[in-house]
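Heads up: the structure comes next, in structure tokens.
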Amino acid sequence: MELTRRSFLKLSTGALLLSSIGLNLDPVKAYAAELRTKGAKETTTVCPYCSVGCSIIVSVKDGKVINTEGDPDSPINEGALCPKGASIYQMANNPYRVTQPLYRAPGATQWKKISWEEALDKIAKLVKTTRDKYFITKNDKGQTVNRIDAIAHVGSAALDNEECYLLQKLMRSWGLVYIEHQARI
Amino acid sequence: MTNQFNDLKNADVILIMGGNPAENHPIAMKWIMRAKEERGAKLVVVDPKFTRTAAKADLYVPIRSGTDIVFLGGLIKYIIDNNLYFKDYVLNYTDASFLVDPNFKLPDELDGVFSGYDEKKRAYDKSTWKYQLDENGVPKKDPSLQHPNCVFQLLKRQYSRYTIEAVSNITGAPKDKIEECYKILASTGKPDKVMTECYAMGWTQHTVGTQNVRVFSIIQLLLGNVGMAGGGVNALRGESNVQGATDAGLLFHILTGYNPTPVASDVDLKTYIEKYTPKTKEPKSVNWLSNRPKYIVSYLKALYGDKATKENDFCYSYLPRRDDGQNCSWLMIFDQMYKGKIKGFFAWGQNPACSGANSNKTRKALAKLEWLVCVNLWDNETASFWRGPQMDPKKIKTEVFLLPCASSVEKEGSITNSGRIAQWRYKAVEPYGKSMPDAEIMNELYFRVKKLYEKEKGAFPEPIINLTWNYGETDKNGKIKHIDIHKVAKEINGYFTTDIPEHPVDKKAYKKGQQVPSFVYLRDDGSTACGNWIYSGSYTEAGNMMARRGKEDPTGLALFPNWAWSWPVNRRIIYNRASVDPQGNPWDPKRAVIKWDAANKKWVGDVPDGPAPPLALEGGKLPFIMKPLGVGAIFGPGLADGPFPTHYEPLECPFQENPLYKKHRINPTVKLFDTEEDVFVFCDTRYPYVGTTYRVTEHWQTGVMTRHTDWLRELEPQMFAEIDPVLAKEKGIKSGDKVIVSSARGKLWAIAIVTPRLQPMKVLGQTIHIVGLPWHFGWRFPEDGSGGDSANLLTPTIGDANTMIPESKAFMVNIEKA
């Protein structure tokens with residue numbers, strides 16, 4: 001008997017009634033065992049949405065996220081999740097994501113796929129060209145400022161701490177002072 | 001947060017004002033409900049809307065958006081008039097008894113401004129905003145709190161006009177509800193009663209945002225609720241790692257660990273250190289920031305390694321410096337961009353075309369860029385701005401890149417929650433498609449830009465070429481193959497750069513390359529490197545503290561000291577030295593955060609705010625260690641708009657005048673913007689309703705993540721506008737009707753929801769209606785346009801006088817049936 005999740009739910013509701021009159025529940029039990037992410041590798045993550053910091057168990061099989069659920073070991077959320085936290089399965093398996101770098105040339109009406117190599121080389125050149133052209137060594141008062149006002153950055157509260165650290169390090173090494181993120185809005 | 005999410009369960013009274021946790025931080029609600037169920041705590045909600053949190057409240061009080069200072073100023077008056085403040089706490093741990101300069105004047109004396117206002121500069125000369133000092137250089141005090149110039153008496157005078165009658169008149173809250181509310185909140189001015197507060201953008205997104213938070217901080221000091229379990233002032237931050245990103249200095253005004261960014265007049269390291277290292281003559285003050293030199297030098301060592309030497313000022317000149325007074329905050333970025341001054345722009349994991357105020361200005365600004373790099377999981381309104389509404393792609397010359405990055409389950413690293421707890425996340429699967437972890441994208445850009453400078457030279461290449469980047473194995477070209485994120489975490493924690501045979505802190509020997517145990521070990525001589533001093537202790541020789549999963553709760557207060565790691569030094573409740581009396585005994589022994597063990601001469605409980613003995617004992621120190629005078633500041637001269645919070649109307653409001661000060665309708669120190677996009681109105685019949693923005697549980701921020709999640713989009717598919725039944729009847733609008741909401745800056749369609757959650761209010765004799773607007777939608781997705789667009793098309797370009805956070809919570813709109 002092949003069961004979908006929906007028919008299983010229907011059957012299990014019915015089965016509760018039926019079991020009381022002595023019917024065989026083995027197929028239901030077998031399906032339930034199968035649901036328990038058997039053989040999957042579990043890791044933990046922290047929800048990427050609000051700032052409560054709820055812990056989530058991520059189950060992976062064959063390189064694919066097959067289940068996500070609240071982590072009962074976390075004293076912060078004790079296994080509970082809100083609708084957003086409960087939906088990160090769909091963040092991990094999401095058909096709308098961008099799969100490779102996209103490029104839009106000046107005046108173009110469409111995106112064009114571009115390789116990482118080409119995209120990164122182009123960006124690096126733009127950073128250098130703009131930086132070299134607009135770099136301010138000394139301000140009007142003759143004070144050393146060593147900065148670039150013509151390049152700005154916003155983001156990112158969506159990154160990990162280590163990435164945020166690297167990002168401010170990188171941007172400041174280029175001389176940026178227009179550096180902001182979500183905290184300002 | 002001063003405290004923790006779990007700690008909400010320890011409160012007797014929970015005030016939710018300026019936030020809506022049931023909707024936006026749902027699991028926080030678990031702990032609020034536990035306080036209600038287990039302690040019989042009272043939940044009080046003050047909000048323009050009867051929110052989902054209000055639905056669980058013991059008392060709900062409606063107020064007009066933008067009048068929080070009036071409401072809370074009235075509470076200060078109530079506390080003082082009825083003698084309900086916590087006297088021992090106020091006398092010992094705050095500046096209430098300090099005498100202020102006799103020339104300092106309150107707004108009641110000067111038609112709505114404090115002494116020192118310069119109308120042309122829209123700024124204050126703060127020379128009278130100071131304490132009177134005695135011959136030893138410490139503030140003069142009057143412990144009787146009677147001196148007319150003491151902080152306490154000034155506070156009393158400042159709010160003398162905030163009667164319940166006046167509060168009701170201005171806020172629109174009913175008098176009986178105000179009084180009931182004040183009674184509950186002020187009941188916590190006793191040693192064994194504690195109130196906590198949770199706020200979010202409902203307080204910060206106002207032109208008086210900082211003062212909204214401050215007015216409540218003053219109340220918590222008066223009631224003795226700071227440092228206590230179940231107390232504090234708690235910002236519910238909006239993003240999973242907005243705390244960490246702030247700690248990491250991804251803001252124009254701060255480097256890592258809240259060290260200020262240098263400006264042009266900070267000509268060398270010595271000048272910088274002298275200017276930003278606070279000094280104190282108060283012998284009982286710890287003045288923790290006197291350690292600043294150690295933190296800034298260790299930061300420079302982390303950035304520039306062996307290249308940073310004492311002789312070259314530790315490469316201080318490599319840090320970019322703003323001009324003095326140059327504000328580079330969010331609104332300024334888009335203003336400068338709109339004016340064509342910014343040529344290249346990175347939007348890294350953010351969607352400013354929908355998230356910033358005045359989206360039309362933002363979107364037009366993007367079209368002036370030469371190039372734009374977006375890093376995101378999805379295409380969004382920013383990356384695709386050139387094909388958005390009212391854009392002609394053929395005329396837009398901006399070169400745009402959209403780089404796909406890995407999601408949070410496709411890489412590892414830590415994030416820091418609102419309670420300062422840094423928790424480790426593990427990689428579960430490989431990045432989707434050809435997407436790359438953000439750190440790898442940074443690695444690629446670092447390497448490529450550096451190579452170009454090595455090859456072609458160019459403007460000031462030294463900070464680029466000499467930057468440390470030792471995060472793993474290199475390939476044949478010298479590029480790090482993959483960033484080892486643990487190496488980054490270790491650099492953030494800090495390490496010794498030379499052998500130290502005998503460290504002055506513990507007389508122990510440390511080897512070069514060894515991790516520092518905590519920031520106490522950092523030095524200002526170049527012998528330590530540390531990326532972010534407040535995270536020092538997070539990744540030590542004992543391992544990755546952020547990955548810990550211990551569930552012990554020795555205090556019984558749900559502090560969970562072995563669950564992950566919180567900054568600073570794993571302290572779970574900050575200012576906790578204020579939770580004990582001057583002898584070191586907890587004000588409330590049933591909720592002892594820390595206590596002094598006299599026999600063993602040490603603190604037990606949470607990690608204390610410094611090891612010094614309690615105030616009254618020999619060598620004792622004052623509790624507020626981050627303040628140079630060691631006490632909580634009721635008088636706050638550091639702010640731009642006044643040492644006490646005072647009411648000003650929002651930039652856009654329904655009235656011609658500020659009911660308190662005829663001459664100053666709005667905050668006199670906010671920056672006014674001057675482009676043709678920066679229009680605003682007040683008391684204008686074309687835009688008669690108060691607009692306010694908020695969020696819903698099913699969506700997040702501009703909705704890029706949640707609109708692309710089918711389950712969530714199905715639950716909340718499109719833009720809506722909430723209005724009260726009276727306004728609906730007046731306008732002939734029914735639930736489900738399509739409506740057009742407009743402001744002086746833009747308009748958008750929405751589906752009307754007619755709801756009694758909103759009610760008309762009587763304010764200053766007028767009837768005020770509120771239009772509630774979520775801001776999760778955007779034209780780009782769903783692709784058929786069925787979601788609508790961002791509520792920020794309506795919000796004005798104006799920011800808080802201190803932070804420049806936009807005023808998205810109170811502005812004027814019109815609503816019509818489409």
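The way I read the labels, and the way they are meant: chains A, B, ... in the order of the structure tokens, residue 1 as the first residue of every chain, and ligand 1 as the first ligand shown, with later ones counted on from there.
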(message) Give me, as a list in words, all polymer residues having an atom no more than 10 Å from segment 324-328 of chain B, counting only C-alpha atoms and skipping those fewer than 6 positions away in the same chain.
(response) Asp149, Ala152, Val177, Tyr178, Ile179 and Glu180 of chain A; Leu251, Phe252, His253, Pro262, Val263, Ala264, Ser265, Asp266, Phe334, Asp335, Gln336 and Met804 of chain B
Output C-alpha atoms of each residue in that selection to a file, as a compact mmCIF listing (two decimals), in the first residue's frame.
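See selection38.txt below for the written result:
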```
# COMPACT_ATOMS: atom_id res chain seq x y z
CA ASP A 149 33.25 58.36 -0.87
CA ALA A 152 29.09 52.54 -0.65
CA VAL A 177 33.30 54.99 4.93
CA TYR A 178 29.76 54.62 3.61
CA ILE A 179 29.23 51.26 5.30
CA GLU A 180 25.79 50.48 6.71
CA LEU B 251 28.09 50.74 10.35
CA PHE B 252 29.63 54.04 9.39
CA HIS B 253 30.21 55.27 12.93
CA PRO B 262 38.17 57.79 13.21
CA VAL B 263 37.54 61.22 11.68
CA ALA B 264 39.92 63.56 9.92
CA SER B 265 40.92 65.48 13.04
CA ASP B 266 41.96 62.24 14.74
CA PHE B 334 20.88 57.27 -0.81
CA ASP B 335 20.89 61.04 -0.70
CA GLN B 336 24.47 61.10 -1.98
CA MET B 804 19.27 58.66 11.60
```
(request) Mind checking which residues fall within 8 Å of Met436 of chain B, counting only C-alpha atoms, ignoring those fewer than 3 positions away in the same chain, and posting them as a list in words? (result)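 Answer for this query is Pro404, Cys405, Ala406, Pro431, Glu440 and Ile441 of chain B.
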(request) Select, from B:Cys683, B:Ile534, B:Met195, B:Met626, the residue with the minimum atom-to-atom distance to Leu651 of chain B, counting only C-alpha atoms. (result) B:Cys683
(request) Tell me, as an NGL selection string, which residues lie within 12 Å of Val375 of chain B, counting only C-alpha atoms; anything in the same chain fewer than 4 positions away does not count. (result) (:A and (97-98 or 100-102 or 119-120 or 153-156 or 158-159)) or (:B and (345-351 or 379-380 or 382-383 or 400-407 or 435-442))
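Backbone DSSP assigns alpha helix (DSSP H) in segment 579-726 of chain B to Val704, Met705, Thr706, Arg707, Asp710, Trp711, Leu712, Arg713, Glu714, Leu715, Pro725 and Val726 of chain B.
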Residues from last step as file, N, CA, C and O atoms, as a PDB file, in the first residue's frame:
```
ATOM      1  N   VAL B 704      11.783  39.273   0.756  1.00  0.00           N
ATOM      2  CA  VAL B 704      12.532  38.527  -0.268  1.00  0.00           C
ATOM      3  C   VAL B 704      12.613  37.046   0.118  1.00  0.00           C
ATOM      4  O   VAL B 704      12.378  36.161  -0.699  1.00  0.00           O
ATOM      5  N   MET B 705      12.903  36.768   1.371  1.00  0.00           N
ATOM      6  CA  MET B 705      12.997  35.367   1.801  1.00  0.00           C
ATOM      7  C   MET B 705      11.620  34.707   1.866  1.00  0.00           C
ATOM      8  O   MET B 705      11.468  33.558   1.466  1.00  0.00           O
ATOM      9  N   THR B 706      10.654  35.422   2.389  1.00  0.00           N
ATOM     10  CA  THR B 706       9.358  34.773   2.674  1.00  0.00           C
ATOM     11  C   THR B 706       8.408  34.778   1.481  1.00  0.00           C
ATOM     12  O   THR B 706       7.595  33.871   1.349  1.00  0.00           O
ATOM     13  N   ARG B 707       8.512  35.783   0.629  1.00  0.00           N
ATOM     14  CA  ARG B 707       7.664  35.762  -0.578  1.00  0.00           C
ATOM     15  C   ARG B 707       8.058  34.600  -1.472  1.00  0.00           C
ATOM     16  O   ARG B 707       7.244  34.070  -2.216  1.00  0.00           O
ATOM     17  N   ASP B 710       6.816  29.233  -0.605  1.00  0.00           N
ATOM     18  CA  ASP B 710       5.419  29.018  -1.004  1.00  0.00           C
ATOM     19  C   ASP B 710       4.467  28.950   0.184  1.00  0.00           C
ATOM     20  O   ASP B 710       3.387  29.535   0.165  1.00  0.00           O
ATOM     21  N   TRP B 711       4.857  28.204   1.222  1.00  0.00           N
ATOM     22  CA  TRP B 711       3.967  28.050   2.383  1.00  0.00           C
ATOM     23  C   TRP B 711       3.600  29.405   2.984  1.00  0.00           C
ATOM     24  O   TRP B 711       2.470  29.623   3.404  1.00  0.00           O
ATOM     25  N   LEU B 712       4.587  30.280   3.068  1.00  0.00           N
ATOM     26  CA  LEU B 712       4.360  31.567   3.725  1.00  0.00           C
ATOM     27  C   LEU B 712       3.599  32.533   2.821  1.00  0.00           C
ATOM     28  O   LEU B 712       2.711  33.257   3.263  1.00  0.00           O
ATOM     29  N   ARG B 713       3.936  32.510   1.521  1.00  0.00           N
ATOM     30  CA  ARG B 713       3.253  33.404   0.587  1.00  0.00           C
ATOM     31  C   ARG B 713       1.774  33.040   0.485  1.00  0.00           C
ATOM     32  O   ARG B 713       0.920  33.906   0.325  1.00  0.00           O
ATOM     33  N   GLU B 714       1.507  31.746   0.609  1.00  0.00           N
ATOM     34  CA  GLU B 714       0.115  31.301   0.553  1.00  0.00           C
ATOM     35  C   GLU B 714      -0.672  31.872   1.742  1.00  0.00           C
ATOM     36  O   GLU B 714      -1.834  32.235   1.618  1.00  0.00           O
ATOM     37  N   LEU B 715      -0.017  31.976   2.891  1.00  0.00           N
ATOM     38  CA  LEU B 715      -0.686  32.483   4.097  1.00  0.00           C
ATOM     39  C   LEU B 715      -0.945  33.986   4.027  1.00  0.00           C
ATOM     40  O   LEU B 715      -1.961  34.478   4.511  1.00  0.00           O
ATOM     41  N   PRO B 725     -13.259  50.568  11.589  1.00  0.00           N
ATOM     42  CA  PRO B 725     -14.605  50.480  10.995  1.00  0.00           C
ATOM     43  C   PRO B 725     -15.255  51.843  10.732  1.00  0.00           C
ATOM     44  O   PRO B 725     -16.031  51.983   9.785  1.00  0.00           O
ATOM     45  N   VAL B 726     -14.910  52.829  11.545  1.00  0.00           N
ATOM     46  CA  VAL B 726     -15.525  54.153  11.364  1.00  0.00           C
ATOM     47  C   VAL B 726     -15.010  54.804  10.073  1.00  0.00           C
ATOM     48  O   VAL B 726     -15.781  55.307   9.248  1.00  0.00           O
TER      49      VAL B 726
END
```
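Those residues in segment 478-690 of chain B carrying a DSSP assignment of strand (DSSP E), computed from the backbone, are Tyr495, Phe496, Thr528, Ala529, Tyr539, Thr540, Gly543, Asn544, Trp565, Ser566, Ile594, Lys595, Trp596, Asp597, Lys602, Trp603, Val604, Gly605, Tyr689 and Val690 of chain B.
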(message) Just checking: using only C-alpha atoms, which residue out of A:Met171, A:Leu126, A:Ala40, A:Ala157 ends up closest to chain B?
(response)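 When distances to chain B are compared using only C-alpha atoms, the smallest one comes from A:Ala157.
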(request) For Tyr199 of chain B, work out the shell of residues within 6 Å, counting only C-alpha atoms and skipping chain neighbours fewer than 6 positions away, then give it as a list in words. (result) Met17, Gly18, Gly19, Ala235 and Leu236 of chain B
(message) Calculated over only C-alpha atoms, which of the candidates B:Lys341, B:Lys411, B:Lys809, B:His482 has the smallest distance to chain A?
(response)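 Going through B:Lys341, B:Lys411, B:Lys809, B:His482 one by one, the smallest distance to chain A is for B:Lys341.
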(request) Mind checking which residues fall within 9 Å of Glu282 of chain B, counting only C-alpha atoms, ignoring those fewer than 3 positions away in the same chain, and posting them as a list in words? (result)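 With the cut-off at 9 Å, the set is Asn136, Gly137, Val138, Pro139, Ser285, Val286, Pro628, Leu629 and Gly630 of chain B.
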Include N, CA, C and O atoms and write out the residues we just selected as a short mmCIF file (atom, residue, chain, number, x, y, z; two decimals), in the first residue's frame.
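again_16.cif, freshly written:
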```cif
data_model
loop_
_atom_site.label_atom_id
_atom_site.label_comp_id
_atom_site.auth_asym_id
_atom_site.auth_seq_id
_atom_site.Cartn_x
_atom_site.Cartn_y
_atom_site.Cartn_z
N ASN B 136 37.63 68.07 43.74
CA ASN B 136 38.32 66.86 43.27
C ASN B 136 37.93 66.47 41.84
O ASN B 136 38.34 65.43 41.34
N GLY B 137 37.08 67.27 41.25
CA GLY B 137 36.69 66.98 39.87
C GLY B 137 35.57 65.96 39.74
O GLY B 137 35.30 65.46 38.66
N VAL B 138 34.90 65.65 40.85
CA VAL B 138 33.73 64.75 40.76
C VAL B 138 32.46 65.57 40.98
O VAL B 138 32.49 66.63 41.60
N PRO B 139 31.33 65.09 40.45
CA PRO B 139 30.10 65.88 40.55
C PRO B 139 29.70 66.18 42.00
O PRO B 139 29.83 65.34 42.89
N SER B 285 34.74 54.39 40.42
CA SER B 285 34.28 54.00 39.08
C SER B 285 35.30 53.08 38.42
O SER B 285 36.51 53.32 38.47
N VAL B 286 34.82 52.02 37.81
CA VAL B 286 35.69 51.10 37.07
C VAL B 286 36.12 51.74 35.75
O VAL B 286 37.23 51.57 35.29
N PRO B 628 31.68 56.49 32.73
CA PRO B 628 32.86 57.01 33.43
C PRO B 628 32.60 57.33 34.91
O PRO B 628 33.50 57.23 35.73
N LEU B 629 31.36 57.69 35.25
CA LEU B 629 31.09 58.00 36.65
C LEU B 629 30.53 56.81 37.42
O LEU B 629 30.23 56.90 38.61
N GLY B 630 30.34 55.70 36.72
CA GLY B 630 29.96 54.45 37.40
C GLY B 630 28.49 54.32 37.75
O GLY B 630 28.09 53.33 38.36
#
```
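Candidate residues A:Glu117, A:Glu78, A:Asp140, A:Asp73 were compared for distance to Lys434 of chain B, and the nearest is A:Glu117, using only C-alpha atoms.
Between atom CA of Arg665 of chain B and atom CA of Ile768 of chain B the interatomic distance comes to 17.9 Å.
Using only C-alpha atoms, the residues found no farther than 6 Å from segment 576-587 of chain B, other than those of its own chain fewer than 5 positions away, are Pro191, Gly227, Met228, Ala592, Lys595, Trp596, Asp609, Pro614, Leu615, Ala616 and Pro623 of chain B.
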Dump C-alpha atoms for the selected residues as a short mmCIF file (atom, residue, chain, number, x, y, z; two decimals), in the first residue's frame?
```
data_model
loop_
_atom_site.label_atom_id
_atom_site.label_comp_id
_atom_site.auth_asym_id
_atom_site.auth_seq_id
_atom_site.Cartn_x
_atom_site.Cartn_y
_atom_site.Cartn_z
CA PRO B 191 13.32 45.58 45.70
CA GLY B 227 20.61 44.68 36.18
CA MET B 228 17.83 42.63 37.77
CA ALA B 592 19.74 36.52 42.82
CA LYS B 595 25.72 37.80 45.23
CA TRP B 596 28.88 38.52 47.17
CA ASP B 609 30.29 43.23 35.75
CA PRO B 614 30.49 45.48 46.15
CA LEU B 615 30.31 49.24 46.54
CA ALA B 616 30.31 49.54 50.34
CA PRO B 623 27.84 49.11 39.21
#
```
(message) My list of candidates is A:Cys50, A:Ile123, A:Asn93, A:Gly142. Which is closest to chain B when distances are computed with only C-alpha atoms?
(response) A:Cys50
(message) What's the separation between atom CA of Glu722 of chain B and atom CA of Gln211 of chain B, in Å to one decimal place?
(response) 28.1 Å
(request) Please identify all polymer residues within 8 Å of Pro613 of chain B, counting only C-alpha atoms, omitting same-chain residues fewer than 3 positions from it, and present them as a PyMOL selection string. (result) chain B and resi 584+596+601-603+617-621
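Remark: for chain B, the closest of the candidate residues A:Gly85, A:Gly70, A:Gly79, A:Gly63 is A:Gly63 (distances computed over only C-alpha atoms).
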